[in-house]
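Everything below concerns the one structure shown next.
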Amino acid sequence: MEMEVEAAMAAAAEEEATGVVRVEKGRGGRSSVTRCFAKYPLKLIAPTKVGPASSGAAWLYAITYGGGIVSGDRICCAVAVGDGCTAAMTTQASTKVYKAVDSKCSEQVLEARVGKDALFALIPDPVTCFSTARYHQKQVFHVFPDSNLVVVDWFTSGRYESGEKWSFSFYKSINRILLEDQPLFIDSVLLEQSSSCSIADRMQEYNVVAMVVLVGPKLKHIQDQMQDEVKKMMSVQLRPPTSAGGRYSTRSQPQHPQRPPLIASCSPFGRLGTGMVARITAVSTESVYSFLRHHLAALESFLGACPYSAS
């Protein structure tokens, strides 16, 4: 009876969803998209081949009609990656959120279930909110102890190359990872305009904020390498300058040293370092693309293609 109730609840959730994806084992052990449903304003594309066939990974591209999310749009997507499967979900370009009309908030919700010994990589391009836009995003991931998960969640200041910087009204992003229905990782980012201090005042010269989450035994070597390299990079960039007068002399140091164009940090979380979160802020979008290409390059052996290689 309990299983029937759960099945009915799952069916009801799928009926309300804008998109539904299911990945299961196919011929030759390859991961195959066995269900791919989407309705306006979401469109899902499942190409038959990305990278060499030997990778056995399934790829999905999420796009929106009109090239962006219109004020008041609500996109709700459910993804299920079966046991032992490998899947990647990405976008074809940045997710544009158009200006708010009558203060309506655009919303995206993603709920993903990652099976045992499975790998799911959510590797989109950044969210770009236009002037006055209001945007709320929530992503929930259900995993097992041997599940593997990659989550890249990032956003820009807007069309900053055209002079539009941090001029959206509201941005909120929530990420939750549940290990056998128990909280493993919970993160929330909120940016909202204030009469006393605008978002632009708080962000200074930085135009991009990114977060990378890695969970699972298959990704441990990527975690370790990223932590080591980020530690070395930031120890050099944030090292206090010294003058020629001596090691501890501060006489000729500038009062306001220039901040580095990219700042990153890494922190383990979970029991025995189950996962790792990297946080990045940068002046340019391209520098974050470069960071992601380099540090996620090892995913090519699982996915058949290097994330962000075409960016």
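Chain labels follow the order of the structure tokens: the first chain is A, the next B, and so on; residue numbering restarts at 1 in every chain, and ligands are counted from 1 in their shown order.
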
Find the spatial neighbours of stretch 204-210 of chain A, counting only C-alpha atoms, within a cut-off of 10 Å - ignore same-chain residues fewer than 5 positions away - and output them as number ranges by chain.
-> A: 126-128, 152-161, 165-166, 199, 259-264, 278-288, 292

Enumerate the residues of stretch 113-245 of chain A with a DSSP assignment of strand (DSSP E), computed from the backbone, and present them as a ChimeraX atom specification.
-> /A:113-114,119-122,127-129,134-143,148-156,170-179,182-192,208-215

Members of stretch 181-275 of chain A assigned helix (DSSP H, G or I) by DSSP, as a PyMOL selection string = chain A and resi 199-203+217-237

Please write the residues from the selection above to a file, keeping N, CA, C and O atoms, as a short mmCIF file (atom, residue, chain, number, x, y, z; two decimals), in the first residue's frame.
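part.cif, written as the output of this step:
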data_model
loop_
_atom_site.label_atom_id
_atom_site.label_comp_id
_atom_site.auth_asym_id
_atom_site.auth_seq_id
_atom_site.Cartn_x
_atom_site.Cartn_y
_atom_site.Cartn_z
N ILE A 199 23.27 46.28 -4.85
CA ILE A 199 24.05 45.06 -5.11
C ILE A 199 25.39 45.44 -5.73
O ILE A 199 26.43 44.88 -5.39
N ALA A 200 25.39 46.42 -6.63
CA ALA A 200 26.62 46.85 -7.30
C ALA A 200 27.64 47.37 -6.29
O ALA A 200 28.84 47.12 -6.41
N ASP A 201 27.16 48.12 -5.28
CA ASP A 201 28.07 48.62 -4.25
C ASP A 201 28.73 47.48 -3.48
O ASP A 201 29.91 47.54 -3.13
N ARG A 202 27.95 46.42 -3.22
CA ARG A 202 28.48 45.30 -2.45
C ARG A 202 29.43 44.43 -3.26
O ARG A 202 30.39 43.88 -2.74
N MET A 203 29.17 44.30 -4.56
CA MET A 203 29.96 43.40 -5.40
C MET A 203 31.22 44.05 -5.96
O MET A 203 32.09 43.35 -6.49
N PRO A 217 32.42 8.93 -4.45
CA PRO A 217 33.74 8.28 -4.51
C PRO A 217 34.43 8.40 -5.85
O PRO A 217 35.66 8.48 -5.92
N LYS A 218 33.69 8.41 -6.96
CA LYS A 218 34.32 8.51 -8.27
C LYS A 218 34.97 9.88 -8.50
O LYS A 218 35.82 10.01 -9.38
N LEU A 219 34.56 10.86 -7.73
CA LEU A 219 35.04 12.23 -7.93
C LEU A 219 36.07 12.66 -6.90
O LEU A 219 36.46 13.82 -6.86
N LYS A 220 36.51 11.72 -6.06
CA LYS A 220 37.43 12.09 -4.98
C LYS A 220 38.74 12.65 -5.52
O LYS A 220 39.28 13.62 -4.98
N HIS A 221 39.26 12.08 -6.60
CA HIS A 221 40.53 12.58 -7.13
C HIS A 221 40.37 13.99 -7.70
O HIS A 221 41.29 14.81 -7.62
N ILE A 222 39.19 14.31 -8.25
CA ILE A 222 38.95 15.66 -8.75
C ILE A 222 38.85 16.63 -7.58
O ILE A 222 39.37 17.76 -7.64
N GLN A 223 38.19 16.20 -6.50
CA GLN A 223 38.12 17.03 -5.29
C GLN A 223 39.51 17.36 -4.78
O GLN A 223 39.83 18.53 -4.51
N ASP A 224 40.33 16.33 -4.62
CA ASP A 224 41.66 16.52 -4.05
C ASP A 224 42.52 17.44 -4.91
O ASP A 224 43.21 18.34 -4.40
N GLN A 225 42.46 17.24 -6.22
CA GLN A 225 43.28 18.06 -7.12
C GLN A 225 42.81 19.51 -7.11
O GLN A 225 43.63 20.43 -7.08
N MET A 226 41.49 19.72 -7.11
CA MET A 226 40.98 21.08 -7.10
C MET A 226 41.36 21.81 -5.81
O MET A 226 41.79 22.96 -5.84
N GLN A 227 41.23 21.13 -4.67
CA GLN A 227 41.59 21.75 -3.41
C GLN A 227 43.07 22.13 -3.38
O GLN A 227 43.42 23.24 -2.95
N ASP A 228 43.93 21.24 -3.84
CA ASP A 228 45.37 21.52 -3.83
C ASP A 228 45.71 22.70 -4.74
O ASP A 228 46.47 23.59 -4.35
N GLU A 229 45.15 22.70 -5.94
CA GLU A 229 45.50 23.75 -6.90
C GLU A 229 44.92 25.10 -6.49
O GLU A 229 45.57 26.14 -6.67
N VAL A 230 43.71 25.11 -5.95
CA VAL A 230 43.12 26.37 -5.50
C VAL A 230 43.90 26.94 -4.31
O VAL A 230 44.15 28.15 -4.24
N LYS A 231 44.30 26.07 -3.41
CA LYS A 231 45.09 26.52 -2.26
C LYS A 231 46.40 27.17 -2.71
O LYS A 231 46.79 28.24 -2.22
N LYS A 232 47.09 26.54 -3.65
CA LYS A 232 48.34 27.09 -4.15
C LYS A 232 48.11 28.40 -4.89
O LYS A 232 48.87 29.37 -4.72
N MET A 233 47.08 28.44 -5.71
CA MET A 233 46.80 29.65 -6.49
C MET A 233 46.49 30.84 -5.59
O MET A 233 47.04 31.94 -5.76
N MET A 234 45.64 30.63 -4.59
CA MET A 234 45.23 31.74 -3.74
C MET A 234 46.32 32.14 -2.75
O MET A 234 46.41 33.30 -2.36
N SER A 235 47.17 31.19 -2.36
CA SER A 235 48.27 31.56 -1.46
C SER A 235 49.23 32.51 -2.14
O SER A 235 49.83 33.38 -1.50
N VAL A 236 49.37 32.39 -3.47
CA VAL A 236 50.22 33.30 -4.22
C VAL A 236 49.51 34.64 -4.44
O VAL A 236 50.09 35.72 -4.22
N GLN A 237 48.25 34.59 -4.86
CA GLN A 237 47.53 35.82 -5.19
C GLN A 237 47.23 36.68 -3.98
O GLN A 237 47.17 37.92 -4.09
#

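Distance check against A:Gly275 using only C-alpha atoms: of A:Ser94, A:Thr132, A:Ser147, A:Ser301, the minimum falls on A:Ser147.
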
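Residue nearest A:Tyr308, chosen from A:Leu296, A:Cys266, A:Leu238, A:Val97 and counting only C-alpha atoms: A:Leu296.
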
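Compared by their closest atoms to A:Met276, and using only C-alpha atoms, the residues A:Gly29, A:Gly68, A:Pro183, A:Gly216 rank with A:Gly216 nearest.
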
Compile the contact shell of stretch 102-119 of chain A as a ChimeraX atom specification: residues with an atom at most 6 Å away, counting only C-alpha atoms, same-chain residues fewer than 2 positions apart removed.
-> /A:71-86,100,134-144,146-149

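Put simply, atom CA of A:Thr64 is 7.8 Å away from atom CA of A:Tyr40.
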
Nearby residues (only C-alpha atoms) at most 9 Å from A:Thr274, same-chain spacing under 3 positions excluded, as a ChimeraX atom specification = /A:145,184,214-217,220,268-271

For the atom pair atom CA of A:Ser173 and atom CA of A:Cys36, what is the interatomic distance in Å to one decimal place?
-> 25.1 Å

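What separates atom CA of A:Ala121 from atom CA of A:Leu272 is a distance of 22.0 Å.
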